[in-house]
$ cat input25.cif   # mmCIF, C-alpha atoms
data_run
#
loop_
_atom_site.group_PDB
_atom_site.id
_atom_site.type_symbol
_atom_site.label_atom_id
_atom_site.label_comp_id
_atom_site.auth_asym_id
_atom_site.auth_seq_id
_atom_site.Cartn_x
_atom_site.Cartn_y
_atom_site.Cartn_z
ATOM 1 C CA MET A 12 84.503 84.829 127.726
ATOM 2 C CA GLU A 13 82.443 87.991 127.737
ATOM 3 C CA THR A 14 78.772 87.864 126.843
ATOM 4 C CA VAL A 15 77.837 88.737 123.277
ATOM 5 C CA GLU A 16 75.571 91.509 124.556
ATOM 6 C CA ARG A 17 78.425 93.175 126.418
ATOM 7 C CA ILE A 18 80.700 92.968 123.374
ATOM 8 C CA ILE A 19 78.015 94.535 121.173
ATOM 9 C CA THR A 20 77.414 97.347 123.661
ATOM 10 C CA ARG A 21 81.079 98.140 124.104
ATOM 11 C CA PHE A 22 81.981 98.159 120.423
ATOM 12 C CA SER A 23 78.863 100.126 119.505
ATOM 13 C CA ARG A 24 79.928 102.845 121.938
ATOM 14 C CA ALA A 25 83.402 102.893 120.392
ATOM 15 C CA LEU A 26 82.330 103.232 116.742
ATOM 16 C CA ASP A 27 82.843 106.994 116.554
ATOM 17 C CA SER A 28 86.200 106.971 118.359
ATOM 18 C CA TYR A 29 87.710 103.771 116.997
ATOM 19 C CA ASP A 30 89.520 105.087 113.929
ATOM 20 C CA LEU A 31 91.327 107.827 115.861
ATOM 21 C CA HIS A 32 92.689 105.447 118.483
ATOM 22 C CA ALA A 33 93.140 102.024 116.812
ATOM 23 C CA ASP A 34 96.858 102.370 116.075
ATOM 24 C CA ALA A 35 97.753 98.730 116.607
ATOM 25 C CA GLN A 36 94.679 97.503 114.774
ATOM 26 C CA GLN A 37 95.529 99.652 111.754
ATOM 27 C CA GLN A 38 99.058 98.245 111.684
ATOM 28 C CA ILE A 39 97.552 94.764 111.750
ATOM 29 C CA CYS A 40 95.243 95.528 108.827
ATOM 30 C CA ARG A 41 98.178 96.743 106.748
ATOM 31 C CA LYS A 42 100.169 93.614 107.581
ATOM 32 C CA LEU A 43 97.276 91.321 106.645
ATOM 33 C CA THR A 44 96.832 93.091 103.314
ATOM 34 C CA GLY A 45 100.530 92.675 102.580
ATOM 35 C CA ILE A 46 100.368 88.964 103.337
ATOM 36 C CA LEU A 47 97.429 88.552 100.977
ATOM 37 C CA SER A 48 99.258 90.376 98.198
ATOM 38 C CA ARG A 49 102.367 88.258 98.710
ATOM 39 C CA TYR A 50 100.702 84.839 98.539
ATOM 40 C CA THR A 51 97.667 85.207 96.248
ATOM 41 C CA ASP A 52 96.723 86.641 92.865
ATOM 42 C CA ILE A 53 94.465 89.155 94.742
ATOM 43 C CA HIS A 54 91.476 88.586 92.433
ATOM 44 C CA PHE A 55 88.463 87.020 94.129
ATOM 45 C CA GLN A 56 84.956 86.533 92.828
ATOM 46 C CA ARG A 57 83.145 86.397 96.187
ATOM 47 C CA ALA A 58 84.663 87.669 99.445
ATOM 48 C CA LEU A 59 83.367 87.698 103.004
ATOM 49 C CA GLU A 60 84.862 89.952 105.664
ATOM 50 C CA ILE A 61 84.019 88.992 109.229
ATOM 51 C CA GLY A 62 84.067 91.754 111.828
ATOM 52 C CA CYS A 63 84.400 94.607 109.334
ATOM 53 C CA GLY A 64 83.928 97.259 112.039
ATOM 54 C CA THR A 65 84.364 100.796 110.760
ATOM 55 C CA GLY A 66 85.881 99.606 107.473
ATOM 56 C CA GLY A 67 89.622 100.089 107.996
ATOM 57 C CA PHE A 68 90.506 96.633 106.691
ATOM 58 C CA THR A 69 87.753 96.821 104.063
ATOM 59 C CA ARG A 70 89.298 99.950 102.590
ATOM 60 C CA LEU A 71 92.742 98.344 102.343
ATOM 61 C CA LEU A 72 91.283 95.231 100.706
ATOM 62 C CA LYS A 73 89.494 97.411 98.160
ATOM 63 C CA GLU A 74 92.730 99.230 97.368
ATOM 64 C CA SER A 75 94.845 96.107 96.954
ATOM 65 C CA CYS A 76 92.445 93.465 95.577
ATOM 66 C CA VAL A 77 89.900 92.940 92.843
ATOM 67 C CA ILE A 78 86.734 91.584 94.466
ATOM 68 C CA ASP A 79 83.648 91.132 92.309
ATOM 69 C CA GLU A 80 81.090 90.476 95.030
ATOM 70 C CA TRP A 81 81.393 91.725 98.619
ATOM 71 C CA TYR A 82 79.766 90.430 101.783
ATOM 72 C CA LEU A 83 80.489 92.298 105.007
ATOM 73 C CA ASN A 84 79.655 91.147 108.509
ATOM 74 C CA ASP A 85 79.852 92.703 111.932
ATOM 75 C CA ILE A 86 78.179 91.997 115.229
ATOM 76 C CA CYS A 87 77.279 95.711 115.515
ATOM 77 C CA ASP A 88 74.585 96.863 113.104
ATOM 78 C CA GLY A 89 75.918 100.426 113.443
ATOM 79 C CA CYS A 90 78.850 99.410 111.234
ATOM 80 C CA ARG A 91 76.508 99.228 108.251
ATOM 81 C CA GLU A 92 76.593 103.003 107.790
ATOM 82 C CA LYS A 93 80.316 103.203 108.573
ATOM 83 C CA VAL A 94 81.288 100.955 105.650
ATOM 84 C CA ALA A 95 78.640 102.129 103.177
ATOM 85 C CA PHE A 96 80.676 105.197 102.176
ATOM 86 C CA LEU A 97 83.426 102.899 100.869
ATOM 87 C CA PHE A 98 81.066 101.661 98.156
ATOM 88 C CA PRO A 99 79.587 104.716 96.419
ATOM 89 C CA GLY A 100 76.937 103.618 93.970
ATOM 90 C CA GLN A 101 77.261 100.005 95.097
ATOM 91 C CA SER A 102 75.417 97.870 97.605
ATOM 92 C CA PRO A 103 77.649 95.290 99.257
ATOM 93 C CA LEU A 104 75.605 92.882 101.307
ATOM 94 C CA PHE A 105 76.011 93.748 104.988
ATOM 95 C CA ILE A 106 75.029 90.966 107.361
ATOM 96 C CA ALA A 107 74.713 92.035 110.988
ATOM 97 C CA GLY A 108 75.074 89.481 113.747
ATOM 98 C CA ASN A 109 77.262 86.942 115.475
ATOM 99 C CA ALA A 110 79.392 85.274 112.797
ATOM 100 C CA GLU A 111 79.364 82.016 114.740
ATOM 101 C CA GLU A 112 75.593 81.769 114.309
ATOM 102 C CA ILE A 113 74.972 83.173 110.815
ATOM 103 C CA ASN A 114 74.318 80.966 107.801
ATOM 104 C CA PHE A 115 76.253 82.943 105.224
ATOM 105 C CA PRO A 116 74.941 82.609 101.652
ATOM 106 C CA GLY A 117 76.830 80.441 99.188
ATOM 107 C CA ARG A 118 80.574 79.857 99.003
ATOM 108 C CA PHE A 119 83.419 82.325 99.039
ATOM 109 C CA ASP A 120 86.827 82.499 97.398
ATOM 110 C CA LEU A 121 88.159 84.673 100.226
ATOM 111 C CA ILE A 122 87.198 84.932 103.876
ATOM 112 C CA ALA A 123 89.112 87.668 105.692
ATOM 113 C CA SER A 124 89.002 89.055 109.210
ATOM 114 C CA ALA A 125 91.089 91.528 111.194
ATOM 115 C CA SER A 126 91.204 91.523 114.996
ATOM 116 C CA ALA A 127 87.884 89.733 115.469
ATOM 117 C CA PHE A 128 88.746 86.044 115.780
ATOM 118 C CA GLN A 129 89.744 86.355 119.447
ATOM 119 C CA TRP A 130 86.097 86.994 120.374
ATOM 120 C CA MET A 131 84.847 83.666 119.009
ATOM 121 C CA GLU A 132 83.505 81.411 121.747
ATOM 122 C CA GLU A 133 84.126 78.138 119.850
ATOM 123 C CA PRO A 134 87.141 78.885 117.616
ATOM 124 C CA VAL A 135 87.802 75.304 116.489
ATOM 125 C CA GLN A 136 84.207 74.754 115.398
ATOM 126 C CA PHE A 137 84.160 78.193 113.793
ATOM 127 C CA LEU A 138 87.204 77.427 111.649
ATOM 128 C CA HIS A 139 85.550 74.202 110.536
ATOM 129 C CA ARG A 140 82.391 76.139 109.604
ATOM 130 C CA LEU A 141 84.440 78.606 107.584
ATOM 131 C CA ALA A 142 86.029 75.727 105.685
ATOM 132 C CA GLY A 143 82.509 74.600 104.810
ATOM 133 C CA ILE A 144 81.668 77.890 103.104
ATOM 134 C CA LEU A 145 84.976 78.314 101.286
ATOM 135 C CA SER A 146 85.332 77.250 97.681
ATOM 136 C CA PRO A 147 87.893 74.525 96.949
ATOM 137 C CA ASN A 148 91.323 76.137 97.308
ATOM 138 C CA GLY A 149 89.601 79.164 98.858
ATOM 139 C CA THR A 150 91.709 81.532 100.951
ATOM 140 C CA LEU A 151 91.310 82.218 104.667
ATOM 141 C CA LEU A 152 93.138 85.303 105.975
ATOM 142 C CA PHE A 153 92.871 86.521 109.546
ATOM 143 C CA ASN A 154 94.673 87.466 112.684
ATOM 144 C CA THR A 155 94.060 86.595 116.265
ATOM 145 C CA PHE A 156 96.324 87.314 119.218
ATOM 146 C CA ALA A 157 98.906 85.210 121.011
ATOM 147 C CA PRO A 158 99.552 84.659 124.724
ATOM 148 C CA GLY A 159 101.016 87.844 126.180
ATOM 149 C CA ASN A 160 98.600 90.105 124.342
ATOM 150 C CA LEU A 161 97.716 93.090 126.581
ATOM 151 C CA ALA A 162 99.966 91.506 129.197
ATOM 152 C CA GLU A 163 100.136 94.712 131.218
ATOM 153 C CA ILE A 164 96.383 94.725 131.706
ATOM 154 C CA LYS A 165 96.234 91.018 132.525
ATOM 155 C CA GLN A 166 98.982 91.322 135.127
ATOM 156 C CA LEU A 167 97.317 94.184 136.986
ATOM 157 C CA THR A 168 93.655 93.194 136.732
ATOM 158 C CA GLY A 169 93.685 89.436 136.265
ATOM 159 C CA LYS A 170 91.207 90.022 133.423
ATOM 160 C CA GLY A 171 91.620 89.193 129.776
ATOM 161 C CA LEU A 172 90.908 86.742 127.008
ATOM 162 C CA THR A 173 92.574 83.373 126.528
ATOM 163 C CA TYR A 174 94.720 83.353 123.399
ATOM 164 C CA PRO A 175 95.994 80.375 121.355
ATOM 165 C CA SER A 176 99.626 79.703 120.662
ATOM 166 C CA GLY A 177 100.833 79.273 117.107
ATOM 167 C CA GLU A 178 101.071 75.530 117.734
ATOM 168 C CA GLN A 179 97.447 75.359 118.908
ATOM 169 C CA LEU A 180 96.248 77.341 115.934
ATOM 170 C CA THR A 181 98.151 75.058 113.574
ATOM 171 C CA GLU A 182 96.393 72.044 115.111
ATOM 172 C CA TRP A 183 93.005 73.719 114.766
ATOM 173 C CA LEU A 184 93.588 74.349 111.068
ATOM 174 C CA GLU A 185 95.234 71.116 109.979
ATOM 175 C CA ASP A 186 92.096 69.060 109.244
ATOM 176 C CA ASP A 187 90.588 71.533 106.782
ATOM 177 C CA PHE A 188 93.414 73.794 105.588
ATOM 178 C CA HIS A 189 96.903 73.937 104.177
ATOM 179 C CA LEU A 190 98.696 76.498 106.329
ATOM 180 C CA ILE A 191 100.592 78.900 104.072
ATOM 181 C CA HIS A 192 101.673 81.602 106.515
ATOM 182 C CA LEU A 193 101.666 81.864 110.303
ATOM 183 C CA ARG A 194 103.688 84.491 112.109
ATOM 184 C CA GLU A 195 103.556 86.216 115.482
ATOM 185 C CA GLU A 196 104.472 89.863 115.945
ATOM 186 C CA GLU A 197 104.849 92.268 118.845
ATOM 187 C CA ILE A 198 103.457 95.794 118.689
ATOM 188 C CA ILE A 199 104.329 98.011 121.649
ATOM 189 C CA LEU A 200 102.379 101.239 121.959
ATOM 190 C CA THR A 201 103.459 104.009 124.326
ATOM 191 C CA PHE A 202 101.237 106.457 126.199
ATOM 192 C CA ASP A 203 101.916 109.442 128.397
ATOM 193 C CA THR A 204 99.960 108.077 131.366
ATOM 194 C CA PRO A 205 98.115 104.924 132.455
ATOM 195 C CA LEU A 206 94.878 106.887 132.122
ATOM 196 C CA ASP A 207 95.692 107.279 128.432
ATOM 197 C CA VAL A 208 95.992 103.495 128.209
ATOM 198 C CA LEU A 209 92.510 103.120 129.681
ATOM 199 C CA ARG A 210 91.147 105.708 127.259
ATOM 200 C CA HIS A 211 92.753 103.868 124.343
ATOM 201 C CA LEU A 212 91.119 100.605 125.408
ATOM 202 C CA LYS A 213 87.749 102.286 125.868
ATOM 203 C CA HIS A 214 87.866 104.135 122.547
ATOM 204 C CA THR A 215 88.741 100.958 120.630
ATOM 205 C CA GLY A 216 86.283 98.727 122.492
ATOM 206 C CA VAL A 217 89.110 96.506 123.707
ATOM 207 C CA THR A 218 88.642 97.062 127.409
ATOM 208 C CA ALA A 219 89.650 93.532 128.490
ATOM 209 C CA THR A 220 89.239 94.696 132.077
ATOM 210 C CA GLY A 221 86.004 93.060 133.168
ATOM 211 C CA ASP A 222 82.668 94.804 133.440
ATOM 212 C CA GLY A 223 84.130 98.319 133.287
ATOM 213 C CA THR A 224 83.103 99.374 136.820
ATOM 214 C CA TRP A 225 85.948 101.330 138.389
ATOM 215 C CA THR A 226 85.900 103.025 141.762
ATOM 216 C CA ARG A 227 88.118 106.051 142.232
ATOM 217 C CA GLY A 228 90.359 104.051 144.539
ATOM 218 C CA LYS A 229 90.625 101.138 142.124
ATOM 219 C CA GLN A 230 91.576 103.463 139.282
ATOM 220 C CA THR A 231 94.154 105.264 141.442
ATOM 221 C CA ASP A 232 95.763 101.965 142.453
ATOM 222 C CA PHE A 233 95.769 100.733 138.854
ATOM 223 C CA CYS A 234 97.460 103.898 137.560
ATOM 224 C CA ARG A 235 100.076 103.902 140.313
ATOM 225 C CA ASP A 236 100.968 100.241 139.772
ATOM 226 C CA TYR A 237 100.926 100.588 135.977
ATOM 227 C CA GLN A 238 103.325 103.543 136.102
ATOM 228 C CA GLU A 239 105.653 101.680 138.431
ATOM 229 C CA LEU A 240 105.745 98.428 136.479
ATOM 230 C CA PHE A 241 105.497 99.461 132.839
ATOM 231 C CA HIS A 242 107.217 102.820 132.469
ATOM 232 C CA THR A 243 109.787 103.616 129.780
ATOM 233 C CA ASN A 244 113.016 105.563 130.115
ATOM 234 C CA ASN A 245 111.224 108.792 129.224
ATOM 235 C CA ASN A 246 108.495 108.076 131.806
ATOM 236 C CA GLN A 247 105.827 106.994 129.350
ATOM 237 C CA VAL A 248 104.059 103.635 129.743
ATOM 238 C CA THR A 249 103.679 100.696 127.380
ATOM 239 C CA LEU A 250 100.836 98.520 126.124
ATOM 240 C CA THR A 251 101.723 95.335 124.258
ATOM 241 C CA TYR A 252 99.794 93.709 121.435
ATOM 242 C CA ARG A 253 100.849 90.287 120.105
ATOM 243 C CA PRO A 254 99.045 89.674 116.800
ATOM 244 C CA LEU A 255 99.209 86.239 115.210
ATOM 245 C CA TYR A 256 98.759 86.334 111.415
ATOM 246 C CA VAL A 257 97.346 83.418 109.437
ATOM 247 C CA LEU A 258 96.871 82.689 105.752
ATOM 248 C CA ALA A 259 95.547 79.244 104.863
ATOM 249 C CA VAL A 260 94.021 77.539 101.845
ATOM 250 C CA LYS A 261 91.134 75.104 102.030
ATOM 251 C CA LYS A 262 92.113 71.533 101.280
ATOM 252 C CA GLN A 263 90.603 69.739 98.301
ATOM 253 C CA ALA A 264 87.949 67.260 99.328
#
$ encode --input "input25.cif" --output "structure tokens"
Amino acid sequence: METVERIITRFSRALDSYDLHADAQQQICRKLTGILSRYTDIHFQRALEIGCGTGGFTRLLKESCVIDEWYLNDICDGCREKVAFLFPGQSPLFIAGNAEEINFPGRFDLIASASAFQWMEEPVQFLHRLAGILSPNGTLLFNTFAPGNLAEIKQLTGKGLTYPSGEQLTEWLEDDFHLIHLREEEIILTFDTPLDVLRHLKHTGVTATGDGTWTRGKQTDFCRDYQELFHTNNNQVTLTYRPLYVLAVKKQA
């Protein structure tokens, strides 16, 4: 697992470029919002979004839900200004910091998170903590990623996160939650060159390739091998995301 400091640095650098390059992440946000609309009455008194980033998921939640009281969290304090424009004349409480360490105030009817859960160092304990700050029958909506996520990068570099299977995630949730929806999806992006893949990862903060130090020779070898192994019929290259979507409801005590 990467250090928290490295994650903060990388995502802070990507704040200004994220929205232009986060194609897969934007698809994921739309899917999560659709799941919420399908299974809930979309009216929540108090909502907490973990890993709000530049506000892409926040905006969709605002458009599709009625939320009386907002709490937004991200590990990067620079996101505070990015999401403020979504709330003209309002002051949602922004809480900067590592969600695994923060004592969030009160209880929430909805806890939502898009493409942040995979960075948690102790996911089982974190899910249990979230259950503790959800109201009875409160809703938990999030995605993580499944094995095979960014498989192209993992195969060539040996670097990458460890992702849970759907079965593992079900086990992690079963003590505290009723699992309402769990589904895995595959999103395949295409790029003109392997260098474009690297730029995409850099601009979204999802480098997944170690400490980011690349010699010219290492980059040349990576691009050659990537083109050879992962090209399409029209000579583009692929990058595979495997999001795993979850909606669960806290069990009654």
$ residues_near_point --input "input25.cif" --point "(101.2, 104.1, 123.1)" --cutoff "8 Å" --atoms "all atoms listed in the file" --output "PyMOL selection string"
chain A and resi 199-203+208+248-250
$ closest_residue --input "input25.cif" --among "A:Phe153, A:Tyr252, A:Phe98, A:Tyr82" --to "A:Ala125" --atoms "all atoms listed in the file"
A:Phe153
$ atom_distance --input "input25.cif" --atom1 "atom CA of A:Cys40" --atom2 "atom CA of A:Asp85"
16.0 Å
$ resolve_selection --input "input25.cif" --expression "the PyMOL selection byres ((chain A and resi 111-121) around 6)" --output "compact mmCIF listing (two decimals) with C-alpha atoms, keeping the file's coordinate frame"
# COMPACT_ATOMS: atom_id res chain seq x y z
CA PHE A 55 88.46 87.02 94.13
CA ARG A 57 83.14 86.40 96.19
CA ALA A 58 84.66 87.67 99.44
CA ASN A 109 77.26 86.94 115.48
CA ALA A 110 79.39 85.27 112.80
CA ILE A 122 87.20 84.93 103.88
CA ILE A 144 81.67 77.89 103.10
CA LEU A 145 84.98 78.31 101.29
CA SER A 146 85.33 77.25 97.68
CA GLY A 149 89.60 79.16 98.86
CA THR A 150 91.71 81.53 100.95
CA LEU A 151 91.31 82.22 104.67
$ closest_residue --input "input25.cif" --among "A:Gly100, A:Gly45, A:Pro205, A:Pro134" --to "A:Asn246" --atoms "only C-alpha atoms"
A:Pro205
$ residues_near_point --input "input25.cif" --point "(83.9, 91.1, 87.1)" --cutoff "12 Å" --atoms "all atoms listed in the file" --output "MDAnalysis selection string"
chainID A and resid 54:57 77:81
$ residues_around --input "input25.cif" --residues "A:Phe105" --least-positions-apart "6" --cutoff "7 Å" --atoms "all atoms listed in the file" --output "list of chain:residue names"
A:Tyr82, A:Leu83, A:Asn84, A:Arg91
$ resolve_selection --input "input25.cif" --expression "the PyMOL selection byres ((chain A and resi 177) around 9)" --output "list in words"
Ala157, Pro175, Ser176, Glu178, Gln179, Leu180, Thr181, Glu182, Leu193, Arg194, Glu195 and Leu255 of chain A
$ resolve_selection --input "input25.cif" --expression "the PyMOL selection byres ((chain A and resi 68) around 9)" --output "list in words"
Gln37, Ile39, Cys40, Arg41, Leu43, Thr44, Glu60, Cys63, Gly64, Thr65, Gly66, Gly67, Thr69, Arg70, Leu71, Leu72, Lys73, Ser124 and Ala125 of chain A
$ axis_aligned_box --input "input25.cif" --around "stretch 233-240 of chain A" --padding-each-side "3 Å" --output "AutoDock Vina command-line options"
--center_x 100.8 --center_y 101.2 --center_z 138.1 --size_x 16.0 --size_y 11.5 --size_z 10.3
$ atom_distance --input "input25.cif" --atom1 "atom CA of A:Leu212" --atom2 "atom CA of A:Val94"
22.1 Å
$ closest_residue --input "input25.cif" --among "A:Ala127, A:Ile61, A:Leu240, A:Ile53" --to "A:Leu167" --atoms "only C-alpha atoms"
A:Leu240
$ atom_distance --input "input25.cif" --atom1 "atom CA of A:Glu197" --atom2 "atom CA of A:Lys42"
12.3 Å
$ closest_residue --input "input25.cif" --among "A:Asp52, A:Gln129, A:Leu59, A:Tyr174" --to "A:Leu141" --atoms "only C-alpha atoms"
A:Leu59
$ closest_residue --input "input25.cif" --among "A:Tyr50, A:Phe156, A:Trp130, A:Phe137" --to "A:Tyr256" --atoms "all atoms listed in the file"
A:Phe156
$ residues_around --input "input25.cif" --residues "A:Glu239" --least-positions-apart "2" --cutoff "12 Å" --atoms "only C-alpha atoms" --output "PyMOL selection string"
chain A and resi 163+167+204-205+232-237+241-244+246-249
